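Asks: One structure is given below, represented as structure tokens, and several questions about it will come after.
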Amino acid sequence: MAYEYQAVHALDGTIGAIAEQRTNHLSVHRMTAVAMVLAAPGQTAEAAGILVSNGEFEARFSGPGEWLVLSEVHAPETLAAELSVRLGDFAFVVDQSHGRVVLTLSGRDAARILANGIAVDLHADAFPIGRAANVLCSHLSVNLARTGNESFDLVVMRSFAEALVDDLKVMARSHDLSVDFATR
Amino acid sequence: MTAYRLASGGLVDRSHAVRFSFDGKSLTGHAGDTLASALLANDTLLVARSFKYHRPRGVVTAGPSEPNGLVTVGSGARRDPNTKATVAELYDGLEARSQNRWPSLAYDVGAVNNLMSRFLSAGFYYKTFMWPAAFWEKVYEPLIRRAAGLGRTDLPRDPDSYEKSWAYCDLLVVGSGPTGLSAALVAARSGLRVILAEQDFVLGGALLSETTPIGGEPTYVFARRVVEELQNSPNVTLLPRTTVFGWYDDNVFGAVERVQKDVAVVDAAKPVERMWRIVAKHAILATGAEERPLVFGGNDRPGILTASAVSTYANRFGVAAGKSVIVFTNGASGYRTARDLAAQGVEIAALIDSRMASGDVAPTGVRLLHGSSIVDTKGRYRVRAVVADRGGFEELIACDAVAMSGGWSPVIHLACQRGGKPVWSEALQAFMAPDVGAGLVMAGAAAGHYRLSECFDDGARKASAIVEALGRPAAGLERTAIGEEADPSFTALWHVPGAKSKAFVDFQNDVHTKDLGLAVREGFGHVEHAKRYTTGGMATDQGKLGNINAIGILAGMRGVSPADVGTTTFRPFYTPVSFGALAGTSIGEHAMPTRRSPLHGWAARNGAVFIDAGLWYRSSWFPKAGEKTWRESVDREVRNVRENAGLCDVSTLGKIEVFGPDAAEFLNRLYCNPVLKLPVGKARYGLMLREDGMVYDDGTVSRLGDQHFLVTTTTAMAGGVLSHMEFAAQVLWPDLRVRFLSVSDQWAQMSIAGPKARTILQAVVEDDISGAAFPFLAAREVRLKGNLKARLFRISFSGELAYELAVPAGHGEAVADALMRAGATHGICAYGVETLNVLRLEKGHVTHAELDGRVTPDDAGLGRMMGSGKPDFIGKRLSTRFGLTAADRMHLVGLKSMEVEKDMRAGAHLLKDGAKPSTINDQGWVSSTCFSPTLGGHIALAFLKSGRERYGEKIVVWDQLRGVETFAEVCDPVFVDPENTKLMA
Amino acid sequence: MASLISCPHCGTRPKEEFLIRGDATPVRPAPMAAEEAWHDYAHLRANPRGRIREHWQHVAGCRRWLVVERDNFTHEVFGVTDAAKAGEGAR
Ligand SMILES: [Zn+2]
């Protein structure tokens, strides 16, 4: 008997094929590694110092002393280990690569679409590139990050991923939106 | 033909004909018309029947405060009752129907109420429908419901969709007249983020019906140019067709945008209305002023409109309200309307001025009557003549329309929606908005600055102040020469004495002056009492037009100033808002999010029947071919688990990882049982209490490292327990060095239970999991064959030899498939939550059916778990209080039905054998029941007074709801394997 | 009730993002304090009008427990503090 455990993505089988990307596009990441970092009590500044985003990973604010760290470079299995080594006693690291689903919404109307479910001022002056926060999107809590003038990342709990994509489609009803898995 | 479309003039597109229908009759209007202006242009004055007396009514205004012109637009599921014709944008194919009439608008049976009106006085409902009480339900209420209510809605589901949006701005400007446009322009040029909301479908407000030139141009041309500049400003959002209906805490405004209310065929993919929640640093209310009707005998006949409405229909829509118009005024505004009509060649039959004298000049050739008034009107479906009183001398003057002007009231509703009371201005004879702070200011006519030049200046000035308050330099506006301005002055006239017929104050609810007199005489003269007693101001228009006159009349009758009468309370919504817009997208499957287990695909492949469990979608049972009922499937699954093995998805359990030097201490205080000395690699059952000593939740605690724990919660309480832990860590004991995180979604978790569980699991797990290597309550990381890290816990809910295996969520389905393959030869089956429930019930394990918030650990038979030696834990102190330790508390017991055919239901009560079925004889209740395939009978868990001392007693299970009584034997709640031999195998 | 709450960690958010627990003034008694003190703590709450302190949790955001000081009549919010910090002041 062969033991191979093919990973299933939370959104496998729920997203139809598209002919082309529309004005606005929701891209579902397959491979992004995710870890949660919890600063050890009293070590928030130290942990934050080590988590300054580099080419390997990006740390996003989740709460005081808590960050969601994303990496397109590290594999899910190695990101948490790598962070543990770097952070040492300053923080606890928990692999969440399977627990979260990462989506990127981009396009001319991205901020306008999000305003149909998120009560945060997304004007570029108020929510600039690089800013991240946990917000309520429709009924769900997501980590929202601005990654470009017209692009945002949404990180959601795996079990809610399908509900979030459904909600985003409804939020984009007045706009042009396509949804697909990211190519990489 | 009397009302008609003028040969020229107006902003409607005469080259663009628009077809519509009213009560089935096909009519034509123009693009740019409202339904009301198009009806007037077609000489359709009679548009409605009044609410109480069913009197013929026509439109009175040209705006959102319209009390009469309510029609039903559309049909079937898309029918919108109570649509204001004065606001509804005309579109090709619009179908409108009149309301509150039967069988037709002209021949309305309900009009008999008008003849019976002396029996329908104020307080009628209160006096008539007093008793007997039983009559309410059967007679009065159906009667009132049939007679009352304006408009009808339909039951089919609304086929349209709606949307909700958040918006943020430095300045929200409400209203796009001269004040709003100048305010928006200053703010826009100064770089502020501006939202300009206008309820009309064209921006410009009063500038669309003004005749005075600005800078030598018509005002609407000026307005168009300003709108164009605003449109081209990237920092400005223009929202036409948007009514700002509410002002809420923290300067949040509610607004409804009519997105597709101007089309006959709705694009179903897009919303018809959009609800905006606008967070504004500042807001300017440039909502203008409302012209008051005059209260005189017969003032409600079709063809009697406010003077400003007559001007608007003429100037903006190119429609004359009549061929021969009487103007009745108490101030200068009536003269302006007379001039507007004269300029269009409309005959003015007379200009009746209630003042004894004035400096206002009537158009040449117009008969001017000072010190005069109207005391009655003639005509059936429209006004044909008025009875004028000239200092005691009555004269019948023929006409086909009356323009009435009773003075002006600033539109202040929004500013008064958060508790601020309007302030009476003696100088303006009007209620003004109170000072409500810097977040919201009134400007222009809404602030009592009625003249055009004052509006421009005030809007600009108030916007400049806001720009500077936000720390920016304010941009200027170029000055433009304004022609002759309308004079807004008037002498208050709350009602015309000597009315010869009903003089209506509130048109929509048919409240006339005599009703108010009755209210005062019967002791209901307080403005809030008079409102309820007469129903004045309680209709869908909420008295926008009539309230001010009612207050003036009450003041006169009580001999006080309107300031002493005050106003009724202003509340959202300014105009009615559809339920669809309020619900937004939160309907149907979008009302609540659905959670999917990582093993959902596995369960579906194995034929699961799913059930909603909270937000989760869980596998309930797995029917096999030939099984006809769920019981057949569940009985088979239970037997199979007890004889062979089964696999169940338990991923929905809450999972929280706890870290830190004080993690053990923290958990020791959180659970009532000791946790401090739990060895690494071991799991323990854990019970959390509330501070009042009752059980809150149960689950397991596993120690994965010295400073690293994993706790599980029940599915139902996963969110609550996390919040509870966060409260304990952040508020109760912030000094404890502990951190935790919900990892529920990271792991797919499956229970493998049954005598063959180990054999099956060992085929997949690399590590040795023999009884010696992995004893009961072992909990640690293992490696699966194929090199996948997993967490394995030897815990059991079923009483069988059982494990819970957790793997990273994405691998869950593959691992479950592998276990099913490995177990095939050992007879493994998939089982769902129904079987899970039977297994735990047979073993006497509690769930939230038992732990309902009234149960102590001892009640549940878990008293021995309490770590009474611990210095502190949540619930410790109050768990020893009087009453919680009483001997006659209800104890968890098992029940076995003594009647083969009879099952028991949760919620049934327990009685002593022979006791009369009554709550006085109540001995306890049943919390969970099932058919036990293992025991071959119906069993239950129940709470029974002193139950642990009553094993063997015959008791009655009394199900009053179904009228069933069943004999049962009280027993130990652990029905199977009380010695735990299977568990420890 | 306020429409918006300014979380010290996340910024201004709508009230829908928060869970409200209630009165923040009762302090958990010492473990062996008199039963009366525990009874008060667990069961008794005043319902004053005016300025109050409440525990709100930013559940959809940073998940921190906050002390919101507000007027339950005028709905004015005077301040929002992280509960752990607010507790330091009280101790
Ligand atoms: Zn927060």
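How things are named: the first chain in the structure tokens is A, the next is B, and so on; residues count from 1 in each chain; ligands count from 1 in the order shown.
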Tell me, as a list in words, which residues lie within 7 Å of range 155-169 of chain B, counting only C-alpha atoms; anything in the same chain fewer than 5 positions away does not count.
Replies: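 Surrounding residues, per the criterion: Ala115, Asn116, Gly117, Ala119 and Asp121 of chain A; Ala77, Arg78, Arg193, Val194, Ile195, Ala268, Lys270, Pro271, Val272, Glu273, Arg274, Met275, Trp276, Arg277, Ile278, Val279, Ala280, Lys281, Gly580, Ala581, Gly584 and Thr585 of chain B.
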Asks: Select, as a ChimeraX atom specification, those residues of chain C with any atom no more than 6 Å from chain A (distances computed using only C-alpha atoms).
Replies: /C:60-62
Asks: Store the residues of this selection in a file with all heavy atoms, as a CSV table (one decimal), in the first residue's frame.
Replies:
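The result, written out as selection-v8.csv:
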chain,number,residue,atom,x,y,z
C,60,ALA,N,-13.6,40.7,15.9
C,60,ALA,CA,-13.3,40.5,14.5
C,60,ALA,C,-12.0,41.2,14.2
C,60,ALA,O,-11.5,41.2,13.0
C,60,ALA,CB,-14.4,41.1,13.7
C,61,GLY,N,-11.3,41.8,15.1
C,61,GLY,CA,-10.1,42.5,14.9
C,61,GLY,C,-8.9,41.9,15.6
C,61,GLY,O,-8.6,40.7,15.4
C,62,CYS,N,-8.4,42.6,16.6
C,62,CYS,CA,-7.2,42.1,17.3
C,62,CYS,C,-7.5,41.2,18.4
C,62,CYS,O,-6.6,40.6,19.0
C,62,CYS,CB,-6.4,43.3,17.9
C,62,CYS,SG,-7.5,44.3,19.0
Asks: Leaving out Leu11 in chain A and any residue of its chain fewer than 5 positions from it, which residues lie within 9 Å of it when counting only C-alpha atoms, given as a ChimeraX atom specification?
Replies: /A:28,101,158,161-162,165,181
Asks: Within 7 Å of ligand 1, which residues show up when you count only C-alpha atoms and all ligand atoms? List them as a PyMOL selection string, please.
Replies: (chain A and resi 63) or (chain C and resi 7-11+58+61-64)
Asks: Output N, CA, C and O atoms for every residue in the selection just made, as an mmCIF file, in the first residue's frame.
Replies:
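Listed below is the output, part.cif:
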data_model
loop_
_atom_site.group_PDB
_atom_site.id
_atom_site.type_symbol
_atom_site.label_atom_id
_atom_site.label_comp_id
_atom_site.auth_asym_id
_atom_site.auth_seq_id
_atom_site.Cartn_x
_atom_site.Cartn_y
_atom_site.Cartn_z
ATOM 1 N N GLY A 63 -2.649 41.494 15.754
ATOM 2 C CA GLY A 63 -3.047 42.071 17.029
ATOM 3 C C GLY A 63 -1.760 42.466 17.727
ATOM 4 O O GLY A 63 -0.670 42.188 17.209
ATOM 5 N N CYS C 7 -10.553 51.311 18.331
ATOM 6 C CA CYS C 7 -9.705 50.328 19.002
ATOM 7 C C CYS C 7 -8.292 50.899 19.086
ATOM 8 O O CYS C 7 -7.770 51.376 18.081
ATOM 9 N N PRO C 8 -7.680 50.860 20.257
ATOM 10 C CA PRO C 8 -6.324 51.422 20.367
ATOM 11 C C PRO C 8 -5.307 50.682 19.496
ATOM 12 O O PRO C 8 -4.245 51.210 19.219
ATOM 13 N N HIS C 9 -5.647 49.471 19.072
ATOM 14 C CA HIS C 9 -4.706 48.685 18.266
ATOM 15 C C HIS C 9 -5.041 48.705 16.780
ATOM 16 O O HIS C 9 -4.158 48.598 15.943
ATOM 17 N N CYS C 10 -6.311 48.821 16.443
ATOM 18 C CA CYS C 10 -6.737 48.629 15.050
ATOM 19 C C CYS C 10 -7.316 49.882 14.412
ATOM 20 O O CYS C 10 -7.524 49.913 13.206
ATOM 21 N N GLY C 11 -7.627 50.905 15.192
ATOM 22 C CA GLY C 11 -8.249 52.087 14.617
ATOM 23 C C GLY C 11 -9.759 52.036 14.734
ATOM 24 O O GLY C 11 -10.320 51.196 15.433
ATOM 25 N N HIS C 58 -12.657 43.156 20.852
ATOM 26 C CA HIS C 58 -12.578 43.386 19.407
ATOM 27 C C HIS C 58 -12.457 42.026 18.712
ATOM 28 O O HIS C 58 -11.396 41.672 18.205
ATOM 29 N N GLY C 61 -11.341 41.814 15.121
ATOM 30 C CA GLY C 61 -10.074 42.489 14.856
ATOM 31 C C GLY C 61 -8.939 41.850 15.637
ATOM 32 O O GLY C 61 -8.618 40.679 15.434
ATOM 33 N N CYS C 62 -8.373 42.595 16.580
ATOM 34 C CA CYS C 62 -7.177 42.132 17.298
ATOM 35 C C CYS C 62 -7.497 41.156 18.419
ATOM 36 O O CYS C 62 -6.599 40.599 19.029
ATOM 37 N N ARG C 63 -8.787 40.963 18.700
ATOM 38 C CA ARG C 63 -9.260 40.052 19.758
ATOM 39 C C ARG C 63 -8.840 40.488 21.155
ATOM 40 O O ARG C 63 -8.919 39.705 22.103
ATOM 41 N N ARG C 64 -8.443 41.740 21.313
ATOM 42 C CA ARG C 64 -8.114 42.226 22.657
ATOM 43 C C ARG C 64 -9.401 42.657 23.370
ATOM 44 O O ARG C 64 -10.342 43.162 22.755
#
Asks: Residues within 7 Å of Leu892 in chain B, please, as a list in words. Count only C-alpha atoms; anything in the same chain fewer than 3 positions from it doesn't count.
Replies: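 Once the adjacent positions are removed, what remains is Asp859, Ala860, Gly861, Leu941, Ala942, Phe943, Leu944, Gly947 and Pro973 of chain B.
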Asks: With only C-alpha atoms as the counted atoms, please give the residues lying no more than 7 Å from range 45-50 of chain C, apart from itself and same-chain residues fewer than 2 positions off, as a PyMOL selection string.
Replies: chain C and resi 43+52+71-73
Asks: With N, CA and C atoms retained, could you export that selection as a short mmCIF file (atom, residue, chain, number, x, y, z; two decimals), in the first residue's frame?
Replies:
data_model
loop_
_atom_site.label_atom_id
_atom_site.label_comp_id
_atom_site.auth_asym_id
_atom_site.auth_seq_id
_atom_site.Cartn_x
_atom_site.Cartn_y
_atom_site.Cartn_z
N HIS C 43 -23.16 38.06 40.38
CA HIS C 43 -24.59 38.22 40.09
C HIS C 43 -25.13 39.64 40.05
N ILE C 52 -20.30 55.28 31.99
CA ILE C 52 -20.08 53.89 32.43
C ILE C 52 -18.81 53.35 31.80
N ASP C 71 -20.95 57.23 27.67
CA ASP C 71 -22.17 57.70 28.30
C ASP C 71 -23.34 56.97 27.66
N ASN C 72 -24.08 56.23 28.47
CA ASN C 72 -25.15 55.42 27.88
C ASN C 72 -26.40 56.26 27.62
N PHE C 73 -26.35 57.55 27.93
CA PHE C 73 -27.48 58.41 27.60
C PHE C 73 -27.18 59.24 26.36
#
Asks: Can you pull out the residues contacting Phe975 in chain B? Cut-off 7 Å, using only C-alpha atoms, and skip same-chain residues under 6 positions away; I want them as a PyMOL selection string.
Replies: chain B and resi 842-844
Asks: Would you export the selected residues with C-alpha atoms as a PDB file, in the first residue's frame, please?
Replies:
ATOM      1  CA  GLU B 842     -24.553   4.527  25.802  1.00  0.00           C
ATOM      2  CA  LYS B 843     -21.321   5.350  27.614  1.00  0.00           C
ATOM      3  CA  GLY B 844     -22.964   8.078  29.710  1.00  0.00           C
TER       4      GLY B 844
END
Asks: Write out as CSV a residue-level contact list of chain A versus chain B with cut-off 9 Å: for each qualifying residue the closest pair of atoms and the distance in Å to one decimal, counting only C-alpha atoms, rows sorted by chain and residue number upward.
Replies:
residue,atom,partner,partner_atom,distance
A:Met1,CA,B:Ala822,CA,8.6
A:Ala2,CA,B:Gly786,CA,7.6
A:Tyr3,CA,B:Gly786,CA,4.7
A:Glu4,CA,B:Gly786,CA,5.7
A:Tyr5,CA,B:Ala814,CA,4.9
A:Gln6,CA,B:Ala814,CA,6.2
A:Ala7,CA,B:His811,CA,4.7
A:Val8,CA,B:Gly810,CA,4.7
A:His9,CA,B:Gly810,CA,5.9
A:Ala10,CA,B:Pro598,CA,7.1
A:Met36,CA,B:Leu741,CA,8.4
A:Leu38,CA,B:Arg739,CA,6.8
A:Ala39,CA,B:Arg739,CA,8.1
A:Ala40,CA,B:Gly660,CA,7.1
A:Pro41,CA,B:Arg737,CA,5.6
A:Gly42,CA,B:Arg737,CA,8.6
A:Phe92,CA,B:Phe659,CA,7.2
A:Val94,CA,B:Leu741,CA,8.4
A:Asp95,CA,B:Gln746,CA,7.9
A:Gln96,CA,B:Gln746,CA,5.7
A:Ser97,CA,B:Gln746,CA,7.2
A:His98,CA,B:Gln746,CA,4.9
A:Gly99,CA,B:Gln746,CA,3.5
A:Arg100,CA,B:Asp745,CA,7.2
A:Arg112,CA,B:Ser165,CA,8.5
A:Ile113,CA,B:Ser165,CA,8.7
A:Leu114,CA,B:Ser165,CA,8.6
A:Ala115,CA,B:Trp166,CA,5.3
A:Asn116,CA,B:Ser165,CA,4.2
A:Gly117,CA,B:Ser165,CA,6.7
A:Ile118,CA,B:Trp166,CA,7.2
A:Ala119,CA,B:Trp166,CA,5.9
A:Val120,CA,B:Trp166,CA,7.9
A:Asp121,CA,B:Tyr168,CA,6.0
A:Leu122,CA,B:Tyr168,CA,8.6
A:His123,CA,B:Tyr168,CA,8.4
A:Ser138,CA,B:Ser586,CA,8.4
A:His139,CA,B:Pro593,CA,6.7
A:Leu140,CA,B:Pro593,CA,7.6
A:Met157,CA,B:Asp745,CA,6.2
A:Arg158,CA,B:Asp745,CA,5.8
A:Ser159,CA,B:Arg596,CA,4.8
A:Phe160,CA,B:Arg595,CA,5.2
A:Ala161,CA,B:Arg595,CA,8.2
A:Glu162,CA,B:Arg596,CA,7.9
A:Ala163,CA,B:Pro593,CA,5.5
A:Leu164,CA,B:Pro593,CA,7.9
A:Asp166,CA,B:His590,CA,8.2
A:Asp167,CA,B:His590,CA,7.1
A:Val170,CA,B:Thr585,CA,7.4
A:Met171,CA,B:Glu163,CA,7.6
A:Arg173,CA,B:Lys270,CA,5.8
A:Ser174,CA,B:Lys270,CA,5.5
A:His175,CA,B:Lys270,CA,8.8
Asks: Quick one: residues within 12 Å of range 29-39 of chain C, only C-alpha atoms, excluding same-chain residues fewer than 3 positions away - as a list in words?
Replies: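 What passes the distance filter is Arg669, Glu691, Asp692, Gly693, Leu732, Lys870, Pro871, Asp872, Phe873, Ile874, Gly875, Lys876, Arg877, Leu878, Ser879, Thr880, Arg881 and Phe882 of chain B; Pro26, Ala42, His43, Leu44 and Arg45 of chain C.
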Asks: Mind writing the picked residues with N, CA, C and O atoms as a CSV table (one decimal), in the first residue's frame?
Replies:
chain,number,residue,atom,x,y,z
B,669,ARG,N,-6.0,27.4,36.4
B,669,ARG,CA,-7.0,28.3,37.0
B,669,ARG,C,-8.3,28.3,36.1
B,669,ARG,O,-9.4,28.7,36.6
B,691,GLU,N,-18.0,31.5,36.9
B,691,GLU,CA,-17.7,31.9,38.2
B,691,GLU,C,-18.9,31.5,39.2
B,691,GLU,O,-18.7,31.4,40.4
B,692,ASP,N,-20.1,31.3,38.6
B,692,ASP,CA,-21.2,31.0,39.5
B,692,ASP,C,-21.2,29.5,39.9
B,692,ASP,O,-22.1,29.0,40.6
B,693,GLY,N,-20.2,28.7,39.4
B,693,GLY,CA,-20.1,27.3,39.8
B,693,GLY,C,-20.7,26.4,38.9
B,693,GLY,O,-20.7,25.1,39.1
B,732,LEU,N,-8.4,39.2,33.8
B,732,LEU,CA,-8.3,38.7,35.2
B,732,LEU,C,-6.9,38.5,35.6
B,732,LEU,O,-6.5,38.9,36.7
B,870,LYS,N,-6.8,23.1,44.9
B,870,LYS,CA,-6.2,24.2,44.2
B,870,LYS,C,-6.6,25.5,44.9
B,870,LYS,O,-7.7,25.7,45.3
B,871,PRO,N,-5.6,26.5,44.9
B,871,PRO,CA,-5.9,27.7,45.6
B,871,PRO,C,-7.0,28.5,44.9
B,871,PRO,O,-7.8,29.2,45.5
B,872,ASP,N,-7.1,28.4,43.6
B,872,ASP,CA,-8.1,29.2,42.9
B,872,ASP,C,-8.3,28.6,41.5
B,872,ASP,O,-7.4,28.0,40.9
B,873,PHE,N,-9.6,28.7,41.1
B,873,PHE,CA,-9.9,28.4,39.7
B,873,PHE,C,-11.3,29.1,39.5
B,873,PHE,O,-12.0,29.4,40.4
B,874,ILE,N,-11.6,29.3,38.2
B,874,ILE,CA,-12.8,30.0,37.9
B,874,ILE,C,-14.0,29.1,38.4
B,874,ILE,O,-14.1,28.0,38.0
B,875,GLY,N,-14.8,29.7,39.2
B,875,GLY,CA,-16.0,28.9,39.7
B,875,GLY,C,-15.8,28.3,41.1
B,875,GLY,O,-16.7,27.7,41.6
B,876,LYS,N,-14.5,28.3,41.6
B,876,LYS,CA,-14.3,27.6,42.8
B,876,LYS,C,-15.1,28.1,44.0
B,876,LYS,O,-15.8,27.3,44.7
B,877,ARG,N,-15.0,29.4,44.2
B,877,ARG,CA,-15.6,29.9,45.4
B,877,ARG,C,-17.1,29.7,45.5
B,877,ARG,O,-17.6,29.2,46.5
B,878,LEU,N,-17.8,29.9,44.4
B,878,LEU,CA,-19.2,29.9,44.4
B,878,LEU,C,-19.8,28.4,44.2
B,878,LEU,O,-20.9,28.2,44.4
B,879,SER,N,-18.9,27.5,43.9
B,879,SER,CA,-19.3,26.1,43.8
B,879,SER,C,-19.7,25.5,45.1
B,879,SER,O,-20.4,24.5,45.1
B,880,THR,N,-19.2,26.1,46.2
B,880,THR,CA,-19.5,25.6,47.5
B,880,THR,C,-20.7,26.3,48.2
B,880,THR,O,-21.0,26.0,49.3
B,881,ARG,N,-21.3,27.2,47.4
B,881,ARG,CA,-22.4,28.0,48.1
B,881,ARG,C,-23.6,27.2,48.4
B,881,ARG,O,-23.8,26.1,47.7
B,882,PHE,N,-24.4,27.7,49.2
B,882,PHE,CA,-25.6,27.0,49.7
B,882,PHE,C,-26.5,26.7,48.4
B,882,PHE,O,-26.7,27.5,47.6
C,26,PRO,N,-16.7,45.7,38.2
C,26,PRO,CA,-16.5,44.7,39.2
C,26,PRO,C,-15.1,44.1,39.1
C,26,PRO,O,-14.7,43.8,38.0
C,42,ALA,N,-20.4,38.0,40.9
C,42,ALA,CA,-21.0,37.1,39.9
C,42,ALA,C,-22.4,37.5,39.5
C,42,ALA,O,-22.8,37.3,38.3
C,43,HIS,N,-23.2,38.1,40.4
C,43,HIS,CA,-24.6,38.2,40.1
C,43,HIS,C,-25.1,39.6,40.0
C,43,HIS,O,-26.1,39.9,39.4
C,44,LEU,N,-24.5,40.6,40.8
C,44,LEU,CA,-25.1,41.9,40.9
C,44,LEU,C,-24.5,42.9,40.0
C,44,LEU,O,-23.3,43.1,40.0
C,45,ARG,N,-25.3,43.6,39.3
C,45,ARG,CA,-24.9,44.7,38.4
C,45,ARG,C,-25.8,45.9,38.7
C,45,ARG,O,-27.0,45.8,38.6
Asks: Suppose you want the space between CA of Glu217 in chain B and CA of Glu484 in chain B; what is it in Å?
Replies: 13.0 Å
Asks: Enumerate, as a ChimeraX atom specification, the complete set of residues in chain A that a backbone-based DSSP assignment places in strand (DSSP E).
Replies: /A:24-28,33-39,58-63,66-71,91-95,100-107,132-137,140-148,151-157,177-181
Asks: With C-alpha atoms retained, could you export that selection as an mmCIF file, in the first residue's frame?
Replies:
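For reference, result_12.cif as written:
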data_model
loop_
_atom_site.group_PDB
_atom_site.id
_atom_site.type_symbol
_atom_site.label_atom_id
_atom_site.label_comp_id
_atom_site.auth_asym_id
_atom_site.auth_seq_id
_atom_site.Cartn_x
_atom_site.Cartn_y
_atom_site.Cartn_z
ATOM 1 C CA ASN A 24 -11.173 42.939 -11.247
ATOM 2 C CA HIS A 25 -9.736 39.587 -10.340
ATOM 3 C CA LEU A 26 -9.776 37.424 -7.255
ATOM 4 C CA SER A 27 -6.786 35.145 -7.217
ATOM 5 C CA VAL A 28 -6.712 32.145 -4.860
ATOM 6 C CA ALA A 33 3.040 29.355 3.467
ATOM 7 C CA VAL A 34 1.423 30.947 6.525
ATOM 8 C CA ALA A 35 2.518 31.049 10.128
ATOM 9 C CA MET A 36 1.218 32.838 13.146
ATOM 10 C CA VAL A 37 3.810 34.447 15.397
ATOM 11 C CA LEU A 38 2.923 35.237 19.006
ATOM 12 C CA ALA A 39 5.517 37.384 20.775
ATOM 13 C CA GLU A 58 6.111 39.291 5.017
ATOM 14 C CA ALA A 59 4.742 39.914 8.507
ATOM 15 C CA ARG A 60 1.274 41.360 8.793
ATOM 16 C CA PHE A 61 -0.234 42.895 11.902
ATOM 17 C CA SER A 62 -2.928 40.782 13.463
ATOM 18 C CA GLY A 63 -3.047 42.071 17.029
ATOM 19 C CA GLU A 66 0.695 38.902 16.966
ATOM 20 C CA TRP A 67 1.556 38.646 13.317
ATOM 21 C CA LEU A 68 0.475 36.601 10.379
ATOM 22 C CA VAL A 69 3.608 35.770 8.406
ATOM 23 C CA LEU A 70 3.267 34.866 4.722
ATOM 24 C CA SER A 71 5.908 33.468 2.462
ATOM 25 C CA ALA A 91 8.091 34.310 20.169
ATOM 26 C CA PHE A 92 5.967 31.217 19.664
ATOM 27 C CA VAL A 93 5.457 30.193 16.067
ATOM 28 C CA VAL A 94 2.489 28.144 14.850
ATOM 29 C CA ASP A 95 2.181 26.791 11.331
ATOM 30 C CA ARG A 100 -5.731 29.811 6.337
ATOM 31 C CA VAL A 101 -6.534 30.579 2.742
ATOM 32 C CA VAL A 102 -4.862 33.522 1.032
ATOM 33 C CA LEU A 103 -6.705 35.502 -1.647
ATOM 34 C CA THR A 104 -5.633 38.526 -3.661
ATOM 35 C CA LEU A 105 -8.244 40.943 -4.959
ATOM 36 C CA SER A 106 -6.912 43.308 -7.571
ATOM 37 C CA GLY A 107 -8.292 45.694 -10.137
ATOM 38 C CA ALA A 132 -2.588 45.211 7.413
ATOM 39 C CA ALA A 133 -5.313 44.586 9.961
ATOM 40 C CA ASN A 134 -7.910 42.060 10.963
ATOM 41 C CA VAL A 135 -11.291 43.316 9.809
ATOM 42 C CA LEU A 136 -14.838 42.095 9.499
ATOM 43 C CA CYS A 137 -15.679 41.369 5.888
ATOM 44 C CA LEU A 140 -16.246 36.959 8.545
ATOM 45 C CA SER A 141 -13.077 38.115 10.211
ATOM 46 C CA VAL A 142 -10.214 38.327 7.726
ATOM 47 C CA ASN A 143 -6.724 39.734 7.695
ATOM 48 C CA LEU A 144 -6.687 42.485 5.097
ATOM 49 C CA ALA A 145 -3.470 43.921 3.685
ATOM 50 C CA ARG A 146 -2.960 46.486 0.982
ATOM 51 C CA THR A 147 -0.349 45.156 -1.395
ATOM 52 C CA GLY A 148 -0.685 47.784 -4.132
ATOM 53 C CA SER A 151 -4.631 45.218 -4.835
ATOM 54 C CA PHE A 152 -5.398 43.705 -1.465
ATOM 55 C CA ASP A 153 -4.689 40.374 0.204
ATOM 56 C CA LEU A 154 -7.356 38.691 2.292
ATOM 57 C CA VAL A 155 -6.376 35.858 4.605
ATOM 58 C CA VAL A 156 -9.271 33.837 5.979
ATOM 59 C CA MET A 157 -9.807 30.732 8.114
ATOM 60 C CA LEU A 177 -14.974 40.180 -11.295
ATOM 61 C CA SER A 178 -13.317 36.903 -12.210
ATOM 62 C CA VAL A 179 -12.112 34.261 -9.750
ATOM 63 C CA ASP A 180 -9.368 31.701 -10.320
ATOM 64 C CA PHE A 181 -6.495 29.877 -8.673
#
Asks: May I ask you to extract the residues of chain C within 6 Å of chain B, using only C-alpha atoms, and to give them as a PyMOL selection string?
Replies: chain C and resi 2-3+31+83-84
